[in-house]
>>> print(open('coords.cif').read())   # mmCIF, C-alpha atoms
data_work
loop_
_atom_site.label_atom_id
_atom_site.label_comp_id
_atom_site.auth_asym_id
_atom_site.auth_seq_id
_atom_site.Cartn_x
_atom_site.Cartn_y
_atom_site.Cartn_z
CA MET I 172 25.13 18.16 -7.74
CA SER I 173 23.14 15.09 -6.68
CA ILE I 174 22.72 12.48 -9.42
CA PRO I 175 20.33 9.55 -8.94
CA LEU I 176 21.00 6.10 -10.30
CA LEU I 177 17.65 6.42 -12.12
CA ASP I 178 15.52 9.54 -12.48
CA LEU I 179 11.88 8.45 -12.62
CA LYS I 180 10.63 11.87 -11.55
CA ALA I 181 12.11 13.45 -14.69
CA GLN I 182 10.48 10.75 -16.82
CA TYR I 183 7.11 11.50 -15.25
CA LEU I 184 7.47 15.25 -15.76
CA GLU I 185 8.36 14.69 -19.43
CA LEU I 186 5.07 12.88 -20.01
CA LYS I 187 3.01 14.40 -17.21
CA ASP I 188 0.06 15.65 -19.24
CA GLU I 189 -0.33 12.37 -21.16
CA LEU I 190 0.10 10.22 -18.08
CA ASP I 191 -2.29 12.25 -15.96
CA SER I 192 -4.87 12.16 -18.72
CA ALA I 193 -4.52 8.40 -19.19
CA VAL I 194 -4.88 7.74 -15.48
CA GLY I 195 -7.83 10.12 -15.28
CA ASP I 196 -9.58 8.32 -18.13
CA VAL I 197 -9.30 4.99 -16.31
CA MET I 198 -10.54 6.50 -13.07
CA SER I 199 -13.48 8.07 -14.86
CA SER I 200 -14.37 4.80 -16.57
CA ALA I 201 -14.15 2.83 -13.29
CA GLY I 202 -12.87 -0.09 -15.35
CA PHE I 203 -9.88 -1.15 -13.28
CA ILE I 204 -9.38 -4.87 -14.05
CA GLY I 205 -8.88 -6.08 -17.61
CA GLY I 206 -10.76 -4.26 -20.32
CA PRO I 207 -9.73 -2.46 -23.50
CA ARG I 208 -6.51 -0.88 -22.23
CA VAL I 209 -5.04 -4.21 -21.18
CA ARG I 210 -6.03 -5.76 -24.51
CA GLU I 211 -4.52 -2.79 -26.36
CA LEU I 212 -1.28 -3.14 -24.43
CA GLU I 213 -1.09 -6.87 -25.18
CA THR I 214 -1.54 -6.17 -28.89
CA ALA I 215 1.06 -3.39 -28.82
CA ILE I 216 3.68 -5.47 -26.98
CA ALA I 217 3.17 -8.47 -29.25
CA GLU I 218 3.63 -6.22 -32.27
CA TYR I 219 6.67 -4.56 -30.71
CA CYS I 220 8.38 -7.86 -29.88
CA GLY I 221 7.31 -9.58 -33.08
CA THR I 222 5.23 -12.37 -31.53
CA LYS I 223 1.75 -13.73 -32.10
CA HIS I 224 0.65 -13.41 -28.48
CA ALA I 225 1.25 -11.27 -25.42
CA VAL I 226 -0.43 -12.09 -22.12
CA ALA I 227 -0.40 -9.41 -19.42
CA CYS I 228 0.01 -10.43 -15.79
CA GLY I 229 0.76 -9.07 -12.34
CA ASN I 230 4.56 -8.89 -12.48
CA GLY I 231 7.66 -10.37 -14.08
CA THR I 232 8.06 -13.07 -11.43
CA ASP I 233 4.51 -14.23 -12.07
CA ALA I 234 5.22 -14.23 -15.79
CA LEU I 235 8.02 -16.76 -15.25
CA PHE I 236 5.86 -18.84 -12.89
CA LEU I 237 2.91 -18.87 -15.30
CA ILE I 238 5.17 -19.96 -18.15
CA LEU I 239 6.68 -22.82 -16.17
CA HIS I 240 3.22 -23.96 -15.08
CA ALA I 241 1.91 -23.75 -18.66
CA LEU I 242 4.79 -25.96 -19.82
CA GLY I 243 3.90 -28.58 -17.21
CA ILE I 244 7.20 -28.19 -15.38
CA GLY I 245 7.05 -29.25 -11.74
CA LYS I 246 8.29 -31.58 -9.04
CA GLY I 247 11.25 -33.70 -10.12
CA ASP I 248 12.05 -31.49 -13.09
CA GLU I 249 15.16 -29.35 -13.58
CA VAL I 250 15.55 -25.98 -15.28
CA ILE I 251 19.00 -24.73 -16.28
CA THR I 252 19.63 -21.06 -15.61
CA THR I 253 22.18 -18.49 -14.43
CA PRO I 254 23.28 -17.72 -10.85
CA PHE I 255 23.99 -14.07 -11.69
CA THR I 256 20.57 -12.43 -11.66
CA PHE I 257 17.75 -11.36 -9.35
CA ILE I 258 16.31 -14.20 -7.27
CA ALA I 259 12.95 -14.08 -9.10
CA THR I 260 14.38 -16.32 -11.82
CA ALA I 261 15.12 -19.18 -9.42
CA GLU I 262 12.13 -18.31 -7.24
CA ALA I 263 9.70 -19.03 -10.07
CA ILE I 264 11.36 -22.38 -10.75
CA ALA I 265 11.15 -23.31 -7.07
CA HIS I 266 7.50 -22.22 -6.81
CA VAL I 267 6.42 -24.83 -9.38
CA GLY I 268 8.34 -27.49 -7.45
CA ALA I 269 11.19 -27.80 -9.93
CA THR I 270 14.93 -27.46 -9.25
CA PRO I 271 17.08 -24.65 -10.62
CA VAL I 272 20.37 -25.91 -12.02
CA PHE I 273 22.96 -23.16 -12.27
CA VAL I 274 25.53 -22.75 -15.02
CA ASP I 275 28.40 -20.26 -14.73
CA ILE I 276 28.54 -17.00 -16.65
CA GLU I 277 30.70 -15.20 -19.18
CA PRO I 278 33.23 -12.98 -17.38
CA ASP I 279 32.57 -9.93 -19.55
CA THR I 280 28.86 -9.87 -20.48
CA TYR I 281 27.70 -11.69 -17.30
CA ASN I 282 25.24 -13.68 -19.40
CA VAL I 283 25.11 -17.46 -19.07
CA ASP I 284 28.15 -19.23 -20.53
CA VAL I 285 26.56 -21.23 -23.35
CA SER I 286 29.58 -23.54 -23.59
CA GLN I 287 28.65 -24.97 -20.18
CA VAL I 288 24.94 -25.50 -20.74
CA GLU I 289 24.94 -28.90 -22.43
CA ALA I 290 27.06 -30.51 -19.71
CA ALA I 291 24.41 -29.55 -17.15
CA ILE I 292 21.61 -31.45 -18.89
CA THR I 293 20.34 -34.58 -17.14
CA GLU I 294 17.41 -36.92 -17.64
CA HIS I 295 15.40 -34.56 -15.43
CA THR I 296 16.05 -31.38 -17.43
CA ARG I 297 12.93 -29.88 -18.96
CA ALA I 298 13.94 -26.35 -19.93
CA ILE I 299 16.72 -23.80 -20.29
CA MET I 300 16.03 -20.32 -18.92
CA PRO I 301 18.66 -17.77 -20.03
CA VAL I 302 18.47 -14.28 -18.55
CA HIS I 303 19.23 -11.30 -20.78
CA ILE I 304 21.14 -9.66 -17.98
CA PHE I 305 21.43 -5.87 -17.75
CA GLY I 306 19.76 -5.47 -21.18
CA GLN I 307 21.89 -7.64 -23.47
CA CYS I 308 20.50 -10.81 -25.00
CA ALA I 309 22.18 -14.09 -24.17
CA ASP I 310 23.63 -15.97 -27.14
CA MET I 311 20.35 -17.57 -28.18
CA ASP I 312 21.16 -19.52 -31.36
CA PRO I 313 23.38 -22.10 -29.66
CA ILE I 314 21.01 -22.29 -26.69
CA ASN I 315 18.11 -23.07 -29.01
CA GLU I 316 20.21 -25.62 -30.89
CA ILE I 317 21.12 -27.41 -27.65
CA ALA I 318 17.48 -27.40 -26.58
CA LYS I 319 16.35 -28.82 -29.92
CA ARG I 320 18.88 -31.67 -29.72
CA HIS I 321 17.66 -32.63 -26.26
CA GLY I 322 13.94 -31.94 -26.65
CA LEU I 323 13.91 -29.06 -24.17
CA ARG I 324 11.95 -25.84 -23.95
CA VAL I 325 13.66 -22.46 -23.92
CA ILE I 326 12.27 -19.64 -21.76
CA GLU I 327 13.65 -16.12 -22.10
CA ASP I 328 13.88 -14.21 -18.86
CA ALA I 329 13.78 -10.89 -20.70
CA CYS I 330 12.70 -8.85 -17.69
CA GLN I 331 15.65 -6.46 -18.09
CA ALA I 332 15.80 -6.41 -21.86
CA ILE I 333 12.71 -5.03 -23.57
CA GLY I 334 13.84 -3.61 -26.91
CA ALA I 335 17.14 -5.50 -27.02
CA THR I 336 17.87 -7.38 -30.25
CA TYR I 337 19.60 -10.57 -31.33
CA GLU I 338 20.36 -11.24 -34.99
CA GLY I 339 17.75 -8.68 -36.01
CA LYS I 340 14.95 -10.00 -33.77
CA ARG I 341 13.76 -8.47 -30.52
CA ALA I 342 13.97 -10.04 -27.08
CA GLY I 343 10.74 -11.86 -26.40
CA SER I 344 10.69 -13.53 -29.82
CA LEU I 345 13.88 -15.60 -29.50
CA ALA I 346 12.57 -18.78 -27.84
CA ASP I 347 9.42 -20.76 -27.09
CA VAL I 348 8.19 -18.11 -24.69
CA ALA I 349 9.46 -15.06 -22.79
CA ALA I 350 8.77 -13.08 -19.63
CA PHE I 351 9.02 -9.31 -19.16
CA SER I 352 8.76 -7.12 -16.07
CA PHE I 353 7.27 -3.63 -15.97
CA PHE I 354 8.68 -2.84 -12.51
CA PRO I 355 9.11 0.96 -12.32
CA SER I 356 12.90 0.86 -12.75
CA LYS I 357 12.78 -1.20 -15.94
CA ASN I 358 13.38 0.40 -19.36
CA LEU I 359 9.60 0.27 -19.80
CA GLY I 360 8.15 0.62 -16.33
CA CYS I 361 4.70 1.22 -14.89
CA ALA I 362 3.73 2.85 -11.59
CA GLY I 363 3.77 -0.35 -9.58
CA ASP I 364 4.13 -4.00 -10.50
CA GLY I 365 3.34 -5.41 -13.92
CA GLY I 366 4.48 -8.09 -16.33
CA ILE I 367 3.77 -9.73 -19.66
CA ILE I 368 4.42 -13.00 -21.49
CA THR I 369 5.20 -13.20 -25.21
CA THR I 370 5.02 -16.30 -27.40
CA ASP I 371 3.99 -17.60 -30.81
CA ASP I 372 2.53 -20.75 -29.22
CA ASP I 373 -1.27 -20.72 -29.00
CA GLU I 374 -1.40 -23.37 -26.26
CA ILE I 375 1.18 -21.67 -24.04
CA ALA I 376 -0.61 -18.33 -24.36
CA ALA I 377 -3.99 -19.84 -23.55
CA ALA I 378 -2.64 -21.77 -20.56
CA CYS I 379 -0.90 -18.70 -19.14
CA ARG I 380 -4.01 -16.56 -19.59
CA LYS I 381 -6.24 -19.10 -17.86
CA MET I 382 -3.82 -19.68 -14.99
CA ALA I 383 -3.44 -15.94 -14.37
CA ASN I 384 -7.21 -15.53 -14.13
CA HIS I 385 -8.04 -18.04 -11.38
CA GLY I 386 -7.96 -20.99 -13.78
CA THR I 387 -10.98 -19.92 -15.77
CA THR I 388 -11.98 -18.77 -19.22
CA VAL I 389 -15.69 -18.52 -18.34
CA LYS I 390 -16.52 -16.54 -15.20
CA TYR I 391 -17.31 -18.73 -12.17
CA TYR I 392 -16.47 -21.96 -14.04
CA HIS I 393 -13.00 -23.27 -13.15
CA ASP I 394 -11.44 -26.36 -14.69
CA THR I 395 -8.05 -25.87 -13.02
CA ILE I 396 -6.68 -24.19 -9.90
CA GLY I 397 -5.21 -20.88 -10.95
CA VAL I 398 -3.85 -17.73 -9.37
CA ASN I 399 -4.75 -14.05 -9.39
CA SER I 400 -2.14 -12.34 -11.57
CA ARG I 401 -3.93 -9.71 -13.63
CA LEU I 402 -2.46 -6.43 -14.83
CA ASP I 403 -4.44 -3.40 -13.65
CA ALA I 404 -5.96 -1.18 -16.32
CA LEU I 405 -4.23 1.81 -14.69
CA GLN I 406 -0.84 0.22 -15.28
CA ALA I 407 -1.75 -0.71 -18.84
CA ALA I 408 -2.78 2.88 -19.53
CA ILE I 409 0.53 4.18 -18.18
CA LEU I 410 2.51 1.69 -20.25
CA LEU I 411 0.61 2.60 -23.41
CA VAL I 412 1.72 6.22 -22.92
CA LYS I 413 5.33 5.19 -22.37
CA LEU I 414 5.74 2.51 -25.04
CA PRO I 415 6.08 4.92 -28.02
CA HIS I 416 9.06 6.52 -26.23
CA LEU I 417 10.88 3.25 -25.46
CA ASN I 418 13.14 3.15 -28.51
CA ARG I 419 14.24 6.75 -27.92
CA TRP I 420 14.90 6.07 -24.26
CA ASN I 421 16.93 2.99 -25.12
CA ALA I 422 18.92 5.04 -27.65
CA GLU I 423 19.58 7.65 -24.94
CA ARG I 424 20.86 4.91 -22.65
CA ARG I 425 23.25 3.73 -25.39
CA ALA I 426 24.42 7.30 -25.96
CA ALA I 427 25.15 7.70 -22.25
CA THR I 428 27.13 4.46 -22.17
CA ALA I 429 29.20 5.60 -25.16
CA VAL I 430 30.19 8.71 -23.18
CA TYR I 431 31.24 6.61 -20.20
CA ASP I 432 33.09 4.16 -22.45
CA GLU I 433 35.15 7.03 -23.83
CA LEU I 434 35.78 8.87 -20.57
CA LEU I 435 36.61 5.74 -18.58
CA ALA I 436 38.62 3.92 -21.25
CA ASP I 437 41.97 4.57 -19.57
CA THR I 438 40.87 3.72 -16.02
CA SER I 439 41.21 0.42 -14.18
CA LEU I 440 37.45 -0.19 -14.28
CA GLY I 441 36.13 -3.15 -16.20
CA LEU I 442 33.62 -1.68 -18.67
CA PRO I 443 30.59 -3.36 -20.27
CA VAL I 444 31.14 -5.57 -23.30
CA THR I 445 28.57 -5.66 -26.11
CA ARG I 446 28.36 -8.67 -28.39
CA GLU I 447 28.11 -7.99 -32.12
CA TYR I 448 25.01 -10.16 -32.53
CA GLY I 449 22.58 -7.56 -31.22
CA GLU I 450 21.70 -4.22 -29.71
CA HIS I 451 22.14 -3.71 -25.96
CA VAL I 452 19.53 -1.60 -24.13
CA TYR I 453 21.59 -1.00 -20.97
CA HIS I 454 18.98 -1.53 -18.32
CA LEU I 455 22.03 -0.98 -16.15
CA TYR I 456 25.53 0.30 -16.97
CA ILE I 457 27.66 -2.14 -14.99
CA VAL I 458 31.34 -1.58 -14.26
CA ARG I 459 33.73 -3.72 -12.29
CA SER I 460 36.52 -3.22 -9.75
CA PRO I 461 38.09 -5.28 -6.95
CA GLU I 462 37.76 -2.08 -4.90
CA ARG I 463 34.03 -1.79 -5.52
CA ASP I 464 32.92 -1.03 -1.98
CA ARG I 465 35.45 1.77 -1.50
CA ILE I 466 34.57 3.30 -4.87
CA MET I 467 30.84 3.08 -4.19
CA ASP I 468 31.34 4.82 -0.85
CA ALA I 469 33.21 7.61 -2.64
CA LEU I 470 30.43 7.97 -5.21
CA LYS I 471 27.76 8.15 -2.52
CA ALA I 472 29.77 10.75 -0.64
CA ALA I 473 29.87 12.80 -3.86
CA GLY I 474 26.09 12.54 -4.27
CA VAL I 475 26.22 10.00 -7.11
CA GLY I 476 23.68 7.17 -7.12
CA THR I 477 25.09 3.66 -7.38
CA ALA I 478 24.23 0.11 -6.36
CA ALA I 479 25.82 -3.34 -6.34
CA TYR I 480 24.52 -5.88 -8.86
CA TYR I 481 24.55 -8.61 -7.58
CA PRO I 482 26.22 -8.94 -4.18
CA VAL I 483 25.51 -12.67 -3.74
CA PRO I 484 25.11 -15.23 -6.56
CA LEU I 485 21.93 -17.28 -6.42
CA HIS I 486 23.66 -20.59 -5.74
CA ARG I 487 25.13 -19.10 -2.54
CA GLN I 488 21.87 -17.57 -1.28
CA GLU I 489 20.66 -18.98 2.03
CA ALA I 490 17.20 -19.61 0.56
CA LEU I 491 18.76 -21.97 -2.00
CA GLY I 492 21.33 -23.54 0.28
CA HIS I 493 19.53 -26.88 0.12
CA LEU I 494 20.72 -27.25 -3.48
CA GLY I 495 24.19 -27.97 -2.14
CA TYR I 496 26.39 -25.71 -4.25
CA ALA I 497 29.77 -25.34 -2.54
CA GLU I 498 31.81 -22.16 -2.50
CA GLY I 499 33.92 -22.12 -5.65
CA SER I 500 31.49 -24.27 -7.66
CA LEU I 501 30.68 -21.41 -10.06
CA PRO I 502 33.87 -19.35 -9.88
CA VAL I 503 33.17 -16.73 -12.56
CA ALA I 504 29.90 -15.63 -10.97
CA GLU I 505 31.45 -15.73 -7.52
CA ALA I 506 34.33 -13.54 -8.67
CA ALA I 507 31.99 -10.99 -10.28
CA CYS I 508 29.60 -10.54 -7.34
CA PRO I 509 32.00 -8.64 -5.03
CA GLN I 510 33.13 -6.38 -7.88
CA THR I 511 30.22 -5.28 -10.09
CA PHE I 512 28.23 -2.07 -9.60
CA ALA I 513 26.09 0.37 -11.60
CA LEU I 514 26.64 3.95 -12.69
CA PRO I 515 23.81 6.39 -13.57
CA ALA I 516 22.96 5.99 -17.27
CA PHE I 517 19.25 6.75 -17.39
CA PRO I 518 17.44 8.33 -20.35
CA GLY I 519 17.95 12.07 -20.31
CA ILE I 520 21.12 12.09 -18.25
CA THR I 521 23.16 15.13 -19.26
CA ARG I 522 26.82 15.34 -20.20
CA GLU I 523 27.30 17.62 -17.21
CA GLN I 524 25.92 14.93 -14.91
CA GLN I 525 28.12 12.28 -16.48
CA ASP I 526 31.17 14.54 -16.08
CA VAL I 527 30.37 14.77 -12.37
CA VAL I 528 30.12 10.96 -12.13
CA VAL I 529 33.44 10.51 -13.92
CA ALA I 530 35.12 13.19 -11.81
CA ALA I 531 34.00 11.36 -8.66
CA LEU I 532 35.38 8.11 -10.02
CA LEU I 533 38.72 9.70 -10.89
CA GLU I 534 38.86 11.34 -7.46
CA ALA I 535 38.39 7.84 -6.02
CA GLY I 536 41.46 6.75 -7.94
CA VAL I 537 39.99 4.32 -10.48
#
>>> encode(input="coords.cif", output="structure tokens")
Amino acid sequence: MSIPLLDLKAQYLELKDELDSAVGDVMSSAGFIGGPRVRELETAIAEYCGTKHAVACGNGTDALFLILHALGIGKGDEVITTPFTFIATAEAIAHVGATPVFVDIEPDTYNVDVSQVEAAITEHTRAIMPVHIFGQCADMDPINEIAKRHGLRVIEDACQAIGATYEGKRAGSLADVAAFSFFPSKNLGCAGDGGIITTDDDEIAAACRKMANHGTTVKYYHDTIGVNSRLDALQAAILLVKLPHLNRWNAERRAATAVYDELLADTSLGLPVTREYGEHVYHLYIVRSPERDRIMDALKAAGVGTAAYYPVPLHRQEALGHLGYAEGSLPVAEAACPQTFALPAFPGITREQQDVVVAALLEAGV
């Protein structure tokens, strides 16, 4: 039995009639950029996250870039973030001319270690950008308290965490502003690239919307230099079909992780840790072993999908080498990177499939 890390084909087949109809409606209308479907999606996401505004854009990386630009963050400024995430987080900071400042992570959740954030603040710090890694919110209350004491902005990189909660509130409503990705593999994914920004701040929302649309609010009249980062109506239509199923899919992910937690409890694998302050949505089910590469090879040989997350921390990436972080400077992240990998835990995974995954792991001697 071959088991993918994520089964997007099954998700499409589940909703095939609705998705095909939605795409056909957009094609028939010939309204491909902006329009009512994008506005409807923005309203629906704002309502889902519990924010006043949602601003659709081209992708999650652009969402982060647009936010930083809207906040006036640029050359000479610093943004505190995590080294244990996809490069888009640091990439967006670099693209506005600012400097990412990395803080080490918790050894069990892999979220930023809040106890180390305040020590990283300098006179150049303008914002803190926690990442809700793998679908669990970072510990936001102390982050917001630190930011308030120092007059800083807080930006949620919630690209992996749509639907996750913290103290009863959803990701996207926990800071000044947040970014989401609709990349196909995300818990809510479209059929290409897509992103959205959520905020209660009127000025941030307006600035992001203008920047994403070539720096204009009136066609052909531009009072700032912007970019082209608009969400296609086709993608909005697809997301509108999928959004009503998101909570169920997230619940199915949690159910799958509970099965793994039980079946793998007596193994040597390090299993995910969920903080009591909120609900995890398990964008990825991440386990840990010093023998990761050997175990992953055994899984692949058994037809089980797996992948390493993340093989190199951001502060040790060649593209960010100019920042000058030495080996050993962020030891927790550096220790995690050679050991962490994902198991299939997608919505709709069957117990039979999970039994096959576990059998392959046990055969590998975990």
>>> atom_distance(input="coords.cif", atom1="atom CA of I:Glu189", atom2="atom CA of I:Leu212")
15.9 Å
>>> residues_around(input="coords.cif", residues="I:Asn358", least_positions_apart="6", cutoff="8 Å", atoms="all atoms listed in the file", output="number ranges by chain")
I: 331-333, 417, 420-421, 454
>>> write_last_selection(input="coords.cif", atoms="C-alpha atoms", output="PDB file, in the frame of the given file")
ATOM      1  CA  GLN I 331      15.650  -6.460 -18.090  1.00  0.00           C
ATOM      2  CA  ALA I 332      15.800  -6.410 -21.860  1.00  0.00           C
ATOM      3  CA  ILE I 333      12.710  -5.030 -23.570  1.00  0.00           C
ATOM      4  CA  LEU I 417      10.880   3.250 -25.460  1.00  0.00           C
ATOM      5  CA  TRP I 420      14.900   6.070 -24.260  1.00  0.00           C
ATOM      6  CA  ASN I 421      16.930   2.990 -25.120  1.00  0.00           C
ATOM      7  CA  HIS I 454      18.980  -1.530 -18.320  1.00  0.00           C
TER       8      HIS I 454
END
>>> closest_residue(input="coords.cif", among="I:Asp188, I:Glu523, I:Asp464, I:Glu213", to="I:Ala535", atoms="only C-alpha atoms")
I:Asp464
>>> resolve_selection(input="coords.cif", expression="the PyMOL selection byres ((chain I and resi 478) around 7)", output="VMD selection string")
chain I and resid 477 479 to 480 512 to 513
>>> closest_residue(input="coords.cif", among="I:Glu462, I:Asp275, I:Glu218, I:Asp468", to="I:Pro509", atoms="all atoms listed in the file")
I:Glu462
>>> decode(input="coords.cif", residues="stretch 213-289 of chain I", atoms="C-alpha atoms", output="PDB file, in the first residue's frame")
ATOM      1  CA  GLU I 213     -12.266  38.254   2.230  1.00  0.00           C
ATOM      2  CA  THR I 214     -15.510  38.639   4.168  1.00  0.00           C
ATOM      3  CA  ALA I 215     -15.645  34.920   4.956  1.00  0.00           C
ATOM      4  CA  ILE I 216     -12.026  34.726   6.164  1.00  0.00           C
ATOM      5  CA  ALA I 217     -12.394  37.840   8.317  1.00  0.00           C
ATOM      6  CA  GLU I 218     -15.499  36.339   9.902  1.00  0.00           C
ATOM      7  CA  TYR I 219     -13.780  32.978  10.361  1.00  0.00           C
ATOM      8  CA  CYS I 220     -10.701  34.473  12.033  1.00  0.00           C
ATOM      9  CA  GLY I 221     -12.644  37.058  14.012  1.00  0.00           C
ATOM     10  CA  THR I 222     -11.092  40.189  12.491  1.00  0.00           C
ATOM     11  CA  LYS I 223     -12.457  43.380  10.986  1.00  0.00           C
ATOM     12  CA  HIS I 224     -10.517  43.082   7.734  1.00  0.00           C
ATOM     13  CA  ALA I 225      -9.108  40.458   5.396  1.00  0.00           C
ATOM     14  CA  VAL I 226      -7.095  41.470   2.342  1.00  0.00           C
ATOM     15  CA  ALA I 227      -6.490  38.817  -0.309  1.00  0.00           C
ATOM     16  CA  CYS I 228      -3.156  38.717  -2.115  1.00  0.00           C
ATOM     17  CA  GLY I 229      -1.001  36.555  -4.354  1.00  0.00           C
ATOM     18  CA  ASN I 230       0.591  34.259  -1.775  1.00  0.00           C
ATOM     19  CA  GLY I 231       1.652  33.963   1.851  1.00  0.00           C
ATOM     20  CA  THR I 232       5.120  35.396   1.235  1.00  0.00           C
ATOM     21  CA  ASP I 233       3.574  38.476  -0.336  1.00  0.00           C
ATOM     22  CA  ALA I 234       1.219  38.754   2.621  1.00  0.00           C
ATOM     23  CA  LEU I 235       4.210  39.073   4.962  1.00  0.00           C
ATOM     24  CA  PHE I 236       5.949  41.526   2.622  1.00  0.00           C
ATOM     25  CA  LEU I 237       2.842  43.692   2.264  1.00  0.00           C
ATOM     26  CA  ILE I 238       2.388  43.794   6.036  1.00  0.00           C
ATOM     27  CA  LEU I 239       5.979  44.846   6.666  1.00  0.00           C
ATOM     28  CA  HIS I 240       5.717  47.539   3.990  1.00  0.00           C
ATOM     29  CA  ALA I 241       2.410  48.788   5.424  1.00  0.00           C
ATOM     30  CA  LEU I 242       4.047  49.112   8.850  1.00  0.00           C
ATOM     31  CA  GLY I 243       6.836  51.223   7.378  1.00  0.00           C
ATOM     32  CA  ILE I 244       9.518  48.678   8.245  1.00  0.00           C
ATOM     33  CA  GLY I 245      12.607  48.938   6.067  1.00  0.00           C
ATOM     34  CA  LYS I 246      16.325  49.580   5.868  1.00  0.00           C
ATOM     35  CA  GLY I 247      18.012  49.775   9.256  1.00  0.00           C
ATOM     36  CA  ASP I 248      15.122  48.101  11.055  1.00  0.00           C
ATOM     37  CA  GLU I 249      15.149  44.703  12.763  1.00  0.00           C
ATOM     38  CA  VAL I 250      12.397  42.103  13.050  1.00  0.00           C
ATOM     39  CA  ILE I 251      12.666  39.315  15.623  1.00  0.00           C
ATOM     40  CA  THR I 252      11.578  35.902  14.396  1.00  0.00           C
ATOM     41  CA  THR I 253      12.338  32.173  14.475  1.00  0.00           C
ATOM     42  CA  PRO I 254      15.052  30.264  12.588  1.00  0.00           C
ATOM     43  CA  PHE I 255      12.928  27.101  12.427  1.00  0.00           C
ATOM     44  CA  THR I 256      10.512  27.743   9.569  1.00  0.00           C
ATOM     45  CA  PHE I 257      10.312  28.087   5.794  1.00  0.00           C
ATOM     46  CA  ILE I 258      12.575  30.791   4.370  1.00  0.00           C
ATOM     47  CA  ALA I 259       9.617  32.966   3.296  1.00  0.00           C
ATOM     48  CA  THR I 260       9.456  34.434   6.805  1.00  0.00           C
ATOM     49  CA  ALA I 261      12.984  35.840   6.637  1.00  0.00           C
ATOM     50  CA  GLU I 262      12.716  36.461   2.898  1.00  0.00           C
ATOM     51  CA  ALA I 263       9.889  38.953   3.385  1.00  0.00           C
ATOM     52  CA  ILE I 264      11.882  40.801   6.051  1.00  0.00           C
ATOM     53  CA  ALA I 265      14.904  40.979   3.758  1.00  0.00           C
ATOM     54  CA  HIS I 266      12.827  42.159   0.791  1.00  0.00           C
ATOM     55  CA  VAL I 267      11.782  45.338   2.628  1.00  0.00           C
ATOM     56  CA  GLY I 268      15.428  45.998   3.502  1.00  0.00           C
ATOM     57  CA  ALA I 269      15.137  45.069   7.168  1.00  0.00           C
ATOM     58  CA  THR I 270      17.212  42.531   9.106  1.00  0.00           C
ATOM     59  CA  PRO I 271      15.807  39.304  10.541  1.00  0.00           C
ATOM     60  CA  VAL I 272      16.982  38.676  14.093  1.00  0.00           C
ATOM     61  CA  PHE I 273      16.630  35.045  15.094  1.00  0.00           C
ATOM     62  CA  VAL I 274      15.645  33.756  18.517  1.00  0.00           C
ATOM     63  CA  ASP I 275      15.942  30.074  19.429  1.00  0.00           C
ATOM     64  CA  ILE I 276      12.967  27.742  19.733  1.00  0.00           C
ATOM     65  CA  GLU I 277      11.246  25.536  22.273  1.00  0.00           C
ATOM     66  CA  PRO I 278      12.611  21.984  22.049  1.00  0.00           C
ATOM     67  CA  ASP I 279       9.185  20.331  22.050  1.00  0.00           C
ATOM     68  CA  THR I 280       6.740  22.586  20.159  1.00  0.00           C
ATOM     69  CA  TYR I 281       9.414  24.110  17.859  1.00  0.00           C
ATOM     70  CA  ASN I 282       7.745  27.500  18.268  1.00  0.00           C
ATOM     71  CA  VAL I 283       9.834  30.527  19.193  1.00  0.00           C
ATOM     72  CA  ASP I 284      11.111  30.472  22.783  1.00  0.00           C
ATOM     73  CA  VAL I 285       9.333  33.496  24.248  1.00  0.00           C
ATOM     74  CA  SER I 286      11.752  33.651  27.188  1.00  0.00           C
ATOM     75  CA  GLN I 287      14.508  34.691  24.765  1.00  0.00           C
ATOM     76  CA  VAL I 288      12.626  37.353  22.827  1.00  0.00           C
ATOM     77  CA  GLU I 289      13.123  40.380  25.064  1.00  0.00           C
TER      78      GLU I 289
END
